[in-house]
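Student: Contents are mmCIF, C-alpha atoms (C1' of nucleotides); file name query29.cif:
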```
data_model
loop_
_atom_site.label_atom_id
_atom_site.label_comp_id
_atom_site.auth_asym_id
_atom_site.auth_seq_id
_atom_site.Cartn_x
_atom_site.Cartn_y
_atom_site.Cartn_z
CA MET B 29 -21.53 0.71 33.90
CA LYS B 30 -25.22 0.35 34.23
CA LYS B 31 -25.92 3.85 32.95
CA ASP B 32 -24.10 3.26 29.65
CA ILE B 33 -25.89 0.08 28.81
CA SER B 34 -29.20 1.52 29.79
CA THR B 35 -28.83 4.54 27.51
CA GLU B 36 -27.54 2.50 24.62
CA GLU B 37 -30.45 0.13 24.99
CA LYS B 38 -32.88 3.01 25.16
CA ILE B 39 -31.47 4.40 21.94
CA LEU B 40 -31.63 1.07 20.13
CA GLU B 41 -35.20 0.49 21.25
CA ALA B 42 -36.25 3.98 20.17
CA ALA B 43 -34.42 3.69 16.86
CA ARG B 44 -36.07 0.36 16.18
CA GLN B 45 -39.52 1.84 16.68
CA VAL B 46 -38.86 4.85 14.47
CA PHE B 47 -37.13 2.84 11.75
CA TYR B 48 -40.05 0.40 11.73
CA ARG B 49 -42.49 3.22 11.12
CA LYS B 50 -40.48 5.45 8.80
CA GLY B 51 -37.71 3.35 7.32
CA MET B 52 -34.07 4.41 7.09
CA ASP B 53 -34.68 7.33 4.74
CA GLY B 54 -37.86 8.59 6.37
CA ALA B 55 -36.57 8.46 9.92
CA ARG B 56 -35.23 11.59 11.62
CA MET B 57 -32.51 11.60 14.25
CA GLN B 58 -34.53 14.15 16.19
CA GLU B 59 -37.51 11.82 16.30
CA ILE B 60 -35.37 8.97 17.57
CA ALA B 61 -33.90 11.21 20.24
CA ASP B 62 -37.37 12.32 21.34
CA GLU B 63 -38.58 8.72 21.45
CA ALA B 64 -35.58 7.80 23.59
CA GLY B 65 -36.04 10.85 25.82
CA ILE B 66 -32.53 12.09 25.21
CA ASN B 67 -30.68 14.68 23.17
CA LYS B 68 -29.89 14.37 19.50
CA ALA B 69 -26.16 14.74 20.05
CA LEU B 70 -26.11 11.67 22.23
CA LEU B 71 -27.10 9.52 19.28
CA HIS B 72 -23.88 10.55 17.57
CA TYR B 73 -21.93 9.94 20.73
CA TYR B 74 -23.07 6.32 20.96
CA PHE B 75 -23.33 5.58 17.27
CA ARG B 76 -21.20 7.61 14.95
CA SER B 77 -23.83 8.27 12.33
CA LYS B 78 -27.41 7.59 11.33
CA GLU B 79 -26.13 4.94 8.95
CA LYS B 80 -24.28 3.10 11.72
CA LEU B 81 -27.27 3.32 14.01
CA PHE B 82 -29.48 1.85 11.36
CA GLU B 83 -27.05 -0.97 10.69
CA ALA B 84 -26.99 -1.82 14.38
CA VAL B 85 -30.79 -1.99 14.46
CA PHE B 86 -31.01 -3.94 11.23
CA GLN B 87 -28.45 -6.50 12.35
CA GLU B 88 -30.23 -6.96 15.64
CA VAL B 89 -33.60 -7.48 13.95
CA ILE B 90 -32.31 -9.92 11.34
CA LYS B 91 -30.46 -11.98 13.90
CA GLY B 92 -33.48 -12.20 16.16
CA PHE B 93 -35.66 -13.16 13.26
CA PHE B 94 -33.56 -16.08 12.13
CA ARG B 95 -32.59 -17.36 15.55
CA SER B 96 -36.13 -17.53 16.76
CA ILE B 97 -37.16 -20.26 14.37
CA GLU B 98 -33.93 -22.20 14.30
CA LYS B 99 -34.97 -24.37 17.21
CA ALA B 100 -38.08 -25.62 15.45
CA LEU B 101 -36.06 -26.72 12.46
CA TYR B 102 -34.00 -29.21 14.41
CA ALA B 103 -36.86 -30.81 16.27
CA GLU B 104 -36.97 -34.57 15.94
CA LEU B 105 -40.36 -35.04 14.40
CA PRO B 106 -41.90 -36.65 11.33
CA LEU B 107 -42.37 -34.38 8.31
CA THR B 108 -45.94 -33.25 8.74
CA GLU B 109 -45.65 -32.64 12.46
CA LYS B 110 -42.43 -30.77 11.98
CA ALA B 111 -44.01 -28.59 9.32
CA GLU B 112 -46.85 -27.83 11.70
CA TYR B 113 -44.39 -27.01 14.43
CA VAL B 114 -42.45 -24.67 12.16
CA VAL B 115 -45.60 -22.82 11.12
CA ASP B 116 -46.64 -22.50 14.72
CA ARG B 117 -43.30 -21.13 15.87
CA TYR B 118 -43.06 -18.77 12.94
CA ILE B 119 -46.46 -17.19 13.38
CA THR B 120 -45.99 -16.93 17.12
CA MET B 121 -42.72 -15.15 16.57
CA ILE B 122 -44.17 -12.72 14.05
CA GLU B 123 -47.14 -12.05 16.32
CA SER B 124 -44.74 -10.63 18.88
CA ASN B 125 -42.90 -8.58 16.23
CA PRO B 126 -45.59 -7.81 13.68
CA PHE B 127 -43.74 -4.95 12.00
CA VAL B 128 -40.59 -6.88 11.28
CA PRO B 129 -41.65 -8.53 8.00
CA GLN B 130 -42.54 -5.28 6.32
CA PHE B 131 -39.47 -3.59 7.73
CA ILE B 132 -37.15 -6.24 6.33
CA ILE B 133 -38.83 -6.34 2.92
CA SER B 134 -38.72 -2.56 2.70
CA GLU B 135 -35.07 -2.20 3.61
CA ILE B 136 -33.56 -5.15 1.79
CA ASN B 137 -33.12 -3.30 -1.47
CA ARG B 138 -31.50 -0.27 0.05
CA ASN B 139 -28.31 -2.09 0.86
CA PRO B 140 -28.09 -5.75 -0.13
CA GLN B 141 -24.45 -5.79 0.94
CA MET B 142 -25.49 -5.14 4.52
CA LEU B 143 -27.71 -8.20 4.53
CA ARG B 144 -24.82 -10.25 3.20
CA ASN B 145 -22.63 -8.99 6.04
CA VAL B 146 -25.16 -9.95 8.65
CA MET B 147 -25.54 -13.38 7.15
CA MET B 148 -21.79 -13.85 7.20
CA SER B 149 -21.16 -12.57 10.71
CA GLU B 150 -23.60 -15.06 12.11
CA LYS B 151 -23.58 -18.63 10.92
CA PHE B 152 -27.09 -18.88 9.61
CA THR B 153 -28.04 -22.24 8.23
CA PRO B 154 -31.24 -21.53 6.35
CA GLN B 155 -30.68 -24.73 4.46
CA SER B 156 -32.22 -26.56 7.37
CA LEU B 157 -35.66 -25.23 6.51
CA VAL B 158 -35.23 -26.69 3.05
CA ASP B 159 -34.21 -29.99 4.59
CA VAL B 160 -37.56 -30.18 6.33
CA PHE B 161 -39.27 -30.52 2.97
CA GLY B 162 -36.42 -32.08 1.06
CA ASN B 163 -36.21 -35.06 3.37
CA PRO B 164 -37.05 -38.10 1.27
CA ASP B 165 -37.61 -40.50 4.16
CA VAL B 166 -41.31 -39.81 4.10
CA GLU B 167 -43.79 -40.72 1.43
CA ASN B 168 -44.84 -37.62 -0.42
CA HIS B 169 -45.43 -36.46 -3.94
CA LEU B 170 -43.15 -33.47 -4.09
CA PHE B 171 -40.20 -35.06 -5.79
CA LYS B 172 -40.81 -33.41 -9.09
CA PHE B 173 -40.63 -30.00 -7.44
CA ASP B 174 -37.73 -28.18 -5.88
CA PRO B 175 -38.29 -28.44 -2.10
CA ARG B 176 -37.63 -24.72 -1.90
CA GLN B 177 -40.99 -24.21 -3.60
CA MET B 178 -42.59 -25.54 -0.44
CA VAL B 179 -40.40 -23.38 1.77
CA ILE B 180 -41.21 -20.17 -0.10
CA SER B 181 -44.89 -21.07 -0.08
CA LEU B 182 -44.89 -21.59 3.64
CA LEU B 183 -43.06 -18.33 4.21
CA GLY B 184 -45.36 -16.48 1.85
CA MET B 185 -48.49 -17.78 3.52
CA VAL B 186 -47.13 -16.91 6.94
CA ILE B 187 -45.41 -13.60 6.29
CA PHE B 188 -47.56 -11.95 3.62
CA PRO B 189 -50.59 -11.23 5.85
CA TYR B 190 -48.31 -9.22 8.12
CA ALA B 191 -46.09 -7.61 5.49
CA ALA B 192 -49.10 -6.31 3.57
CA ARG B 193 -51.32 -5.85 6.60
CA ASN B 194 -52.58 -2.35 5.85
CA LEU B 195 -53.36 -3.17 2.25
CA ILE B 196 -55.22 -6.37 3.00
CA GLN B 197 -57.06 -4.87 5.92
CA MET B 198 -58.35 -2.07 3.76
CA ILE B 199 -59.27 -4.15 0.74
CA TYR B 200 -60.75 -7.24 2.32
CA PHE B 201 -61.76 -6.08 5.79
CA ASP B 202 -63.04 -2.59 5.18
CA GLY B 203 -60.26 -1.21 7.37
CA ASP B 204 -61.61 -2.98 10.43
CA GLU B 205 -58.59 -3.69 12.59
CA ALA B 206 -60.35 -5.90 15.09
CA GLU B 207 -61.81 -8.08 12.39
CA TYR B 208 -58.42 -8.50 10.78
CA SER B 209 -56.83 -9.44 14.09
CA LYS B 210 -59.46 -12.11 14.47
CA PHE B 211 -58.72 -13.31 10.97
CA LEU B 212 -55.02 -13.56 11.80
CA SER B 213 -55.68 -15.47 14.99
CA GLU B 214 -57.56 -18.08 12.98
CA ARG B 215 -54.86 -18.24 10.37
CA LYS B 216 -52.41 -20.46 12.22
CA GLU B 217 -54.80 -23.36 12.08
CA PHE B 218 -55.61 -22.76 8.44
CA VAL B 219 -52.00 -22.65 7.31
CA LYS B 220 -51.16 -25.82 9.20
CA THR B 221 -54.07 -27.61 7.57
CA MET B 222 -53.10 -26.42 4.13
CA ILE B 223 -49.43 -27.28 4.47
CA ILE B 224 -50.39 -30.80 5.40
CA LYS B 225 -52.71 -31.00 2.41
CA MET B 226 -49.91 -29.82 0.18
CA LEU B 227 -47.60 -32.48 1.58
CA THR B 228 -49.95 -35.41 1.15
CA ALA B 229 -51.24 -37.06 -1.96
CA MET R 19 -50.35 19.03 -27.76
CA LYS R 20 -48.05 16.14 -28.41
CA LYS R 21 -45.12 17.77 -26.66
CA ASP R 22 -46.97 18.19 -23.37
CA ILE R 23 -48.14 14.64 -23.17
CA SER R 24 -44.77 13.34 -24.16
CA THR R 25 -42.97 15.26 -21.44
CA GLU R 26 -45.49 14.39 -18.78
CA GLU R 27 -45.25 10.76 -19.74
CA LYS R 28 -41.47 10.90 -19.67
CA ILE R 29 -41.58 12.35 -16.18
CA LEU R 30 -44.00 9.76 -14.90
CA GLU R 31 -41.99 6.91 -16.34
CA ALA R 32 -38.76 8.28 -14.88
CA ALA R 33 -40.38 8.92 -11.52
CA ARG R 34 -41.75 5.39 -11.45
CA GLN R 35 -38.32 3.89 -11.99
CA VAL R 36 -36.65 6.03 -9.34
CA PHE R 37 -39.44 5.55 -6.81
CA TYR R 38 -39.28 1.79 -7.37
CA ARG R 39 -35.59 1.77 -6.55
CA LYS R 40 -35.42 4.34 -3.77
CA GLY R 41 -38.91 4.78 -2.41
CA MET R 42 -40.59 8.10 -1.75
CA ASP R 43 -38.16 9.23 0.94
CA GLY R 44 -35.01 7.97 -0.72
CA ALA R 45 -35.77 9.39 -4.16
CA ARG R 46 -34.28 12.70 -5.27
CA MET R 47 -35.97 15.11 -7.64
CA GLN R 48 -32.62 15.63 -9.37
CA GLU R 49 -32.33 11.91 -10.04
CA ILE R 50 -35.82 11.80 -11.52
CA ALA R 51 -35.01 14.80 -13.72
CA ASP R 52 -31.81 13.15 -14.93
CA GLU R 53 -33.64 9.90 -15.64
CA ALA R 54 -36.21 11.83 -17.67
CA GLY R 55 -33.55 13.85 -19.45
CA ILE R 56 -35.04 17.16 -18.40
CA ASN R 57 -34.50 19.92 -15.87
CA LYS R 58 -35.41 19.70 -12.23
CA ALA R 59 -37.63 22.78 -12.38
CA LEU R 60 -39.84 21.13 -14.98
CA LEU R 61 -40.90 18.53 -12.47
CA HIS R 62 -42.42 21.28 -10.37
CA TYR R 63 -44.02 22.82 -13.41
CA TYR R 64 -45.89 19.63 -14.27
CA PHE R 65 -46.46 18.35 -10.75
CA ARG R 66 -46.53 20.91 -7.98
CA SER R 67 -44.38 19.01 -5.52
CA LYS R 68 -42.52 15.78 -4.93
CA GLU R 69 -45.45 14.58 -2.85
CA LYS R 70 -47.91 15.18 -5.70
CA LEU R 71 -45.61 13.49 -8.18
CA PHE R 72 -45.36 10.47 -5.95
CA GLU R 73 -49.09 10.31 -5.52
CA ALA R 74 -49.56 10.35 -9.27
CA VAL R 75 -47.13 7.47 -9.68
CA PHE R 76 -48.60 5.52 -6.80
CA GLN R 77 -52.15 5.88 -8.08
CA GLU R 78 -51.11 4.77 -11.52
CA VAL R 79 -49.31 1.71 -10.17
CA ILE R 80 -52.12 0.65 -7.88
CA LYS R 81 -54.74 1.05 -10.57
CA GLY R 82 -52.74 -0.97 -13.06
CA PHE R 83 -52.17 -3.64 -10.48
CA PHE R 84 -55.81 -4.19 -9.68
CA ARG R 85 -57.17 -3.78 -13.16
CA SER R 86 -54.84 -6.29 -14.66
CA ILE R 87 -56.32 -9.23 -12.83
CA GLU R 88 -59.91 -8.12 -12.82
CA LYS R 89 -60.64 -9.87 -16.09
CA ALA R 90 -59.58 -13.25 -14.77
CA LEU R 91 -61.94 -12.95 -11.85
CA TYR R 92 -65.04 -12.75 -14.01
CA ALA R 93 -64.16 -15.62 -16.29
CA GLU R 94 -66.90 -18.22 -16.55
CA LEU R 95 -65.06 -21.28 -15.34
CA PRO R 96 -65.42 -23.95 -12.67
CA LEU R 97 -63.70 -23.26 -9.37
CA THR R 98 -60.42 -25.09 -9.87
CA GLU R 99 -59.91 -23.89 -13.42
CA LYS R 100 -60.72 -20.37 -12.43
CA ALA R 101 -58.24 -20.52 -9.59
CA GLU R 102 -55.59 -21.75 -12.01
CA TYR R 103 -56.45 -18.97 -14.40
CA VAL R 104 -56.18 -16.35 -11.69
CA VAL R 105 -52.78 -17.62 -10.57
CA ASP R 106 -51.60 -17.63 -14.15
CA ARG R 107 -52.73 -14.09 -14.84
CA TYR R 108 -51.36 -12.81 -11.57
CA ILE R 109 -47.88 -14.23 -12.01
CA THR R 110 -47.74 -13.13 -15.63
CA MET R 111 -48.66 -9.63 -14.58
CA ILE R 112 -46.05 -9.49 -11.82
CA GLU R 113 -43.42 -10.91 -14.17
CA SER R 114 -43.80 -7.81 -16.30
CA ASN R 115 -43.69 -5.52 -13.25
CA PRO R 116 -41.49 -7.40 -10.82
CA PHE R 117 -40.71 -4.41 -8.60
CA VAL R 118 -44.31 -3.47 -7.95
CA PRO R 119 -45.02 -5.82 -5.03
CA GLN R 120 -42.14 -4.59 -2.93
CA PHE R 121 -42.87 -1.01 -3.89
CA ILE R 122 -46.46 -1.24 -2.75
CA ILE R 123 -45.65 -3.06 0.49
CA SER R 124 -42.94 -0.54 1.30
CA GLU R 125 -45.04 2.54 0.70
CA ILE R 126 -48.33 1.44 2.18
CA ASN R 127 -47.38 2.36 5.71
CA ARG R 128 -46.11 5.79 4.79
CA ASN R 129 -49.53 7.08 3.95
CA PRO R 130 -52.48 4.73 4.40
CA GLN R 131 -54.86 7.56 3.61
CA MET R 132 -53.49 7.76 0.09
CA LEU R 133 -54.31 4.14 -0.52
CA ARG R 134 -57.83 4.75 0.69
CA ASN R 135 -58.18 7.64 -1.74
CA VAL R 136 -57.06 5.54 -4.67
CA MET R 137 -59.46 2.79 -3.72
CA MET R 138 -62.29 5.28 -3.57
CA SER R 139 -61.57 7.10 -6.80
CA GLU R 140 -61.69 3.86 -8.72
CA LYS R 141 -64.43 1.36 -8.15
CA PHE R 142 -62.38 -1.61 -7.13
CA THR R 143 -64.31 -4.74 -6.42
CA PRO R 144 -61.76 -6.91 -4.68
CA GLN R 145 -64.63 -8.89 -3.28
CA SER R 146 -64.73 -10.76 -6.56
CA LEU R 147 -61.52 -12.59 -5.74
CA VAL R 148 -63.12 -13.72 -2.51
CA ASP R 149 -66.15 -14.90 -4.47
CA VAL R 150 -63.92 -17.24 -6.42
CA PHE R 151 -63.26 -19.23 -3.29
CA GLY R 152 -66.42 -18.44 -1.44
CA ASN R 153 -68.64 -19.89 -4.11
CA PRO R 154 -70.47 -22.79 -2.50
CA ASP R 155 -71.77 -24.32 -5.71
CA VAL R 156 -68.79 -26.61 -5.91
CA GLU R 157 -68.00 -29.47 -3.60
CA ASN R 158 -65.07 -28.52 -1.40
CA HIS R 159 -64.03 -28.72 2.20
CA LEU R 160 -63.38 -25.11 2.95
CA PHE R 161 -66.61 -24.24 4.63
CA LYS R 162 -65.18 -24.12 8.08
CA PHE R 163 -62.68 -21.48 6.96
CA ASP R 164 -63.16 -17.89 5.90
CA PRO R 165 -62.72 -17.90 2.09
CA ARG R 166 -60.39 -14.95 2.52
CA GLN R 167 -57.90 -17.35 4.03
CA MET R 168 -57.60 -18.93 0.59
CA VAL R 169 -57.30 -15.55 -1.10
CA ILE R 170 -54.51 -14.35 1.18
CA SER R 171 -52.71 -17.65 0.80
CA LEU R 172 -52.85 -17.43 -2.97
CA LEU R 173 -51.61 -13.86 -2.91
CA GLY R 174 -48.87 -14.71 -0.45
CA MET R 175 -47.61 -17.61 -2.51
CA VAL R 176 -47.65 -15.53 -5.66
CA ILE R 177 -46.39 -12.19 -4.39
CA PHE R 178 -43.91 -13.09 -1.66
CA PRO R 179 -41.21 -14.52 -3.96
CA TYR R 180 -41.09 -11.16 -5.73
CA ALA R 181 -41.54 -8.89 -2.74
CA ALA R 182 -38.69 -10.55 -0.86
CA ARG R 183 -36.66 -11.44 -3.92
CA ASN R 184 -33.29 -10.17 -2.72
CA LEU R 185 -33.63 -11.83 0.64
CA ILE R 186 -34.70 -15.20 -0.72
CA GLN R 187 -32.16 -15.12 -3.49
CA MET R 188 -29.36 -14.58 -1.03
CA ILE R 189 -30.52 -17.07 1.57
CA TYR R 190 -31.70 -19.94 -0.56
CA PHE R 191 -29.93 -19.41 -3.88
CA ASP R 192 -26.53 -18.17 -2.82
CA GLY R 193 -27.22 -14.89 -4.58
CA ASP R 194 -27.42 -16.58 -7.96
CA GLU R 195 -29.81 -14.47 -10.00
CA ALA R 196 -30.09 -16.85 -12.93
CA GLU R 197 -30.92 -19.76 -10.69
CA TYR R 198 -33.60 -17.78 -8.93
CA SER R 199 -35.14 -16.71 -12.23
CA LYS R 200 -35.33 -20.36 -13.19
CA PHE R 201 -36.97 -21.11 -9.87
CA LEU R 202 -39.56 -18.42 -10.49
CA SER R 203 -40.32 -19.69 -13.97
CA GLU R 204 -41.14 -23.09 -12.51
CA ARG R 205 -43.23 -21.58 -9.78
CA LYS R 206 -46.38 -20.95 -11.77
CA GLU R 207 -46.95 -24.64 -12.24
CA PHE R 208 -46.20 -25.39 -8.61
CA VAL R 209 -48.61 -22.82 -7.23
CA LYS R 210 -51.40 -23.99 -9.52
CA THR R 211 -50.89 -27.57 -8.39
CA MET R 212 -50.88 -26.59 -4.75
CA ILE R 213 -53.94 -24.38 -4.97
CA ILE R 214 -55.85 -27.26 -6.48
CA LYS R 215 -54.65 -29.58 -3.74
CA MET R 216 -55.79 -27.07 -1.17
CA LEU R 217 -59.22 -26.90 -2.78
CA THR R 218 -59.84 -30.61 -2.97
CA ALA R 219 -60.37 -33.12 -0.23
"C1'" DG H 10 -42.64 24.97 -21.97
"C1'" DT H 11 -37.99 24.82 -20.68
"C1'" DC H 12 -34.03 26.56 -18.79
"C1'" DT H 13 -30.43 28.90 -15.06
"C1'" DA H 14 -29.93 30.81 -10.81
"C1'" DT H 15 -31.26 31.33 -6.21
"C1'" DA H 16 -33.96 31.29 -2.01
"C1'" DT H 17 -35.42 28.70 2.07
"C1'" DG H 18 -35.59 25.33 5.35
"C1'" DG H 19 -34.27 21.25 7.46
"C1'" DC H 20 -31.24 17.63 8.69
"C1'" DG H 21 -26.95 15.18 9.98
"C1'" DA H 22 -23.09 16.14 12.30
"C1'" DT H 23 -19.75 18.63 15.38
"C1'" DA H 24 -17.83 21.94 19.01
"C1'" DG H 25 -17.50 22.82 23.36
"C1'" DA H 26 -19.39 23.83 28.14
"C1'" DC H 27 -20.64 21.29 32.21
"C1'" DG J 17 -21.96 11.12 29.54
"C1'" DT J 18 -25.08 14.60 28.52
"C1'" DC J 19 -26.41 18.95 27.18
"C1'" DT J 20 -26.92 23.64 24.11
"C1'" DA J 21 -25.63 25.99 20.23
"C1'" DT J 22 -24.25 26.05 15.67
"C1'" DC J 23 -22.14 24.75 11.30
"C1'" DG J 24 -22.46 23.31 6.56
"C1'" DC J 25 -24.68 20.93 3.23
"C1'" DC J 26 -28.19 19.40 0.39
"C1'" DA J 27 -32.94 18.93 -1.26
"C1'" DT J 28 -37.28 21.02 -2.37
"C1'" DA J 29 -39.17 24.72 -4.25
"C1'" DT J 30 -39.48 29.32 -6.62
"C1'" DA J 31 -38.16 33.51 -9.59
"C1'" DG J 32 -37.51 34.99 -13.72
"C1'" DA J 33 -35.14 35.04 -18.42
"C1'" DC J 34 -35.83 33.06 -22.94
#
```
For the file at hand, write its structure as C-alpha cells.

Tutor:
Amino acid sequence: MKKDISTEEKILEAARQVFYRKGMDGARMQEIADEAGINKALLHYYFRSKEKLFEAVFQEVIKGFFRSIEKALYAELPLTEKAEYVVDRYITMIESNPFVPQFIISEINRNPQMLRNVMMSEKFTPQSLVDVFGNPDVENHLFKFDPRQMVISLLGMVIFPYAARNLIQMIYFDGDEAEYSKFLSERKEFVKTMIIKMLTA
Amino acid sequence: MKKDISTEEKILEAARQVFYRKGMDGARMQEIADEAGINKALLHYYFRSKEKLFEAVFQEVIKGFFRSIEKALYAELPLTEKAEYVVDRYITMIESNPFVPQFIISEINRNPQMLRNVMMSEKFTPQSLVDVFGNPDVENHLFKFDPRQMVISLLGMVIFPYAARNLIQMIYFDGDEAEYSKFLSERKEFVKTMIIKMLTA
DNA sequence: GTCTATATGGCGATAGAC
DNA sequence: GTCTATCGCCATATAGAC
C-alpha cells in the first residue's frame, strides 16, 4: 500500500518539524496537520493520540542519533585518529540535523521513562564511546581521570554550539547568522586539535 | 508594604520552580498557585498573564546567570589562572542552580525576541569572556583560531553535563544519581586541567 | 489584597458521511 | 483512508464579593 506509507511518512516528517520548533507541549495537532497537508482527524487515525505521535517521533530521532555515530566507534584506528574520526562524524551528523540536540535536551525531562524505553528497545552500546578513551594501550596521561570525563567533554564541545545556537549567536555574534555559520564550519578543525591536545602530555 | 513584596516573591519563586520542571508551555497556572500556597486569581492580579509571569521569571534567571560570573572575568590574573578561576566560578554557580542551563536552552527558541530584550535592558558585556582568551599578551598558540572557539568550548564542557544530565546519567551511569553527582564533583578539576592544556603548547 | 465563581476560547479527540 | 462537524474538557483570564 503505497498510499498508506506515504501518508504516514508525511505525518511523521511534519510532526518532527513542528515538535522541533515547538516541543511536545507547544505543538498543536492542527499545525502538524497543516504542515503535512492533511486533515487533523487523520493524525488520530494513524496515531491514536498526540502523545503516541510524539513518542514515535522521539524514538525515531533518538535511534537515528545514536546509530549514526556507532560506525565511527568501531573503526580500527589508533586513539588520536579515532578521536578525530569520531568528532568528524559527530559534527557532520549534527550539521544535517541541527535542531536535534536542542530538541533532545528539551524533551528529556518531560518523560525520562520514554528515553529508557527507547534505549531498551534498541541495543545501544554507548559504552563503546567510553572505550575509545578508556583504552590503555596508548600512552596518555588520563589515567587519574574517569575516561567518561573525556567523553562528556567531547560531546559538550560538539553539541553545545548547536543546542544553544540562538543564545550564542546573539551574545557573541551580534545575531549574525552567516557569521555564526562560518564559525561553526571552522569548529570541526578546532575541536579535533583540542581533543588531541587533551589526549597528549 | 511587607505583605506585597512577600507575596510577589512567593509567586516568583513558585513560578521559577514550576517553569524549570515543565517549561512555559507545560506549566499550569494552577500548579504555580498551589506551589505558592495562594489562589490562582492572585497570579493574574500581580502579573497580568501567564506570558508576563514567565517573562519576569526568565529575565530574573538570565540576569542572575550572567551577573554571577561577571566578577571572575575582571579579575587581575594571568591567562591560565584567570581561566581556572572562571571555570571554578561558573561550575560553582551552576551547582547552586543546576536546572538553569536546561531551562535556558529549552526556552530560547520559543521567543528569541525576549532574550534580545533582556540583553538590551541590562548592559551585558559578554565580550569580556572573549577577552580572557583573546588577550595576546601571553604566549599561546591560539592565534590561528577565533578566541570564541575557546569560550564556546569552555562553556560546552561546563554546561553540557548539567543541561543533558538525565540523558548522560542514563546512558553512561546506568541511571545512578549518586554516581553521577560524584562524577560532577570531580569534573571541576578535570575541566581546569584540560583548559590549561588547551591553552599551552 | 485575597478569595470564589464563572466566562471564554481553544485543543485533543471522536462520530459519522463518503 | 480521508474528510467535515462537533463534543467535552481544561486552562487562561475576569467579575465581583469580602

Student: Around the point (-33.2, 23.0, 5.2) in the file's coordinates, collect all residues with an atom within 12 Å, using only C-alpha atoms (C1' of nucleotides), and return them as an NGL selection string.

Tutor: (:H and (16-21)) or (:J and (24-29))

Student: Pick the closest to chain J from B:Ala43, B:Leu101, B:Arg176, B:His72: which is it, counting only C-alpha atoms (C1' of nucleotides)?

Tutor: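 Answer, going by the shortest atom-to-atom distance: B:His72.
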
Student: Tell me, counting only C-alpha atoms (C1' of nucleotides), for each residue of chain B within 12 Å of chain H, which pair of atoms is nearest and how far apart they are in Å to one decimal, in rows ordered by chain and increasing number, as JSON lines.

Tutor:
```
{"residue": "B:Asp53", "atom": "CA", "partner": "H:DC20", "partner_atom": "C1'", "distance": 11.6}
{"residue": "B:Gly54", "atom": "CA", "partner": "H:DC20", "partner_atom": "C1'", "distance": 11.4}
{"residue": "B:Ala55", "atom": "CA", "partner": "H:DC20", "partner_atom": "C1'", "distance": 10.7}
{"residue": "B:Arg56", "atom": "CA", "partner": "H:DC20", "partner_atom": "C1'", "distance": 7.8}
{"residue": "B:Met57", "atom": "CA", "partner": "H:DG21", "partner_atom": "C1'", "distance": 7.9}
{"residue": "B:Gln58", "atom": "CA", "partner": "H:DC20", "partner_atom": "C1'", "distance": 8.9}
{"residue": "B:Glu59", "atom": "CA", "partner": "H:DC20", "partner_atom": "C1'", "distance": 11.4}
{"residue": "B:Lys68", "atom": "CA", "partner": "H:DG21", "partner_atom": "C1'", "distance": 10.0}
{"residue": "B:Ala69", "atom": "CA", "partner": "H:DA22", "partner_atom": "C1'", "distance": 8.5}
{"residue": "B:Leu70", "atom": "CA", "partner": "H:DA22", "partner_atom": "C1'", "distance": 11.3}
{"residue": "B:Leu71", "atom": "CA", "partner": "H:DA22", "partner_atom": "C1'", "distance": 10.4}
{"residue": "B:His72", "atom": "CA", "partner": "H:DA22", "partner_atom": "C1'", "distance": 7.7}
{"residue": "B:Tyr73", "atom": "CA", "partner": "H:DT23", "partner_atom": "C1'", "distance": 10.4}
{"residue": "B:Phe75", "atom": "CA", "partner": "H:DA22", "partner_atom": "C1'", "distance": 11.7}
{"residue": "B:Arg76", "atom": "CA", "partner": "H:DA22", "partner_atom": "C1'", "distance": 9.1}
{"residue": "B:Ser77", "atom": "CA", "partner": "H:DA22", "partner_atom": "C1'", "distance": 7.9}
{"residue": "B:Lys78", "atom": "CA", "partner": "H:DG21", "partner_atom": "C1'", "distance": 7.7}
{"residue": "B:Glu79", "atom": "CA", "partner": "H:DG21", "partner_atom": "C1'", "distance": 10.3}
```

Student: Taking 2 positions as the minimum chain separation for residues in the same chain, which residues sit within 6 Å of Pro175 of chain B when counting only C-alpha atoms (C1' of nucleotides)? Answer as a VMD selection string.

Tutor: chain B and resid 161 to 162 177 to 178

Student: Return the neighbours of chain R among the residues of chain B, cut-off 8 Å, counting all atoms listed in the file, as a ChimeraX atom specification.

Tutor: /B:49-50,53-54,130-131,133-134,136-138,140,143-144,154-155,173,176-177,180-189,191-192,194-195,198-200,215,218,222,225-226

Student: So the first atom is atom CA of Arg34 of chain R and the second is atom CA of Val75 of chain R; what is the distance between them in Å, to one decimal place?

Tutor: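 So the answer is 6.0 Å.
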
Student: Residues of chain J within 12 Å of chain B, counting only C-alpha atoms (C1' of nucleotides) - could you list those as JSON, numbers by chain?

Tutor: {"J": [17, 18, 19, 20, 21]}

Student: Using only C-alpha atoms, pick whichever of R:Asp194, R:Glu31, R:Glu102, R:Glu113 has the shortest atom-to-atom distance to Val150 of chain R.

Tutor: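 Checking each candidate against Val150 of chain R, we get R:Glu102 as the closest.
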
Student: Just give me the gap between atom CA of Glu53 of chain R and atom CA of Lys28 of chain R in Å, one decimal is fine.

Tutor: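 Taking atom CA of Glu53 of chain R as the start and atom CA of Lys28 of chain R as the end point, the length is 8.9 Å.
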
Student: Leaving out Arg107 of chain R and any residue of its chain fewer than 4 positions from it, which residues lie within 8 Å of it when counting only C-alpha atoms (C1' of nucleotides), given as a PyMOL selection string?

Tutor: chain R and resi 87+90+103+111

Student: Do you have the atom CA of Asn115 of chain R-atom CA of Thr98 of chain R distance handy?

Tutor: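 If I compute the distance from atom CA of Asn115 of chain R to atom CA of Thr98 of chain R, I get 26.0 Å.
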
Student: What residues come out when you apply the PyMOL selection byres ((chain B and resi 96) around 10) to this file, written as a PyMOL selection string?

Tutor: chain B and resi 91-95+97-100+117-118+120-122
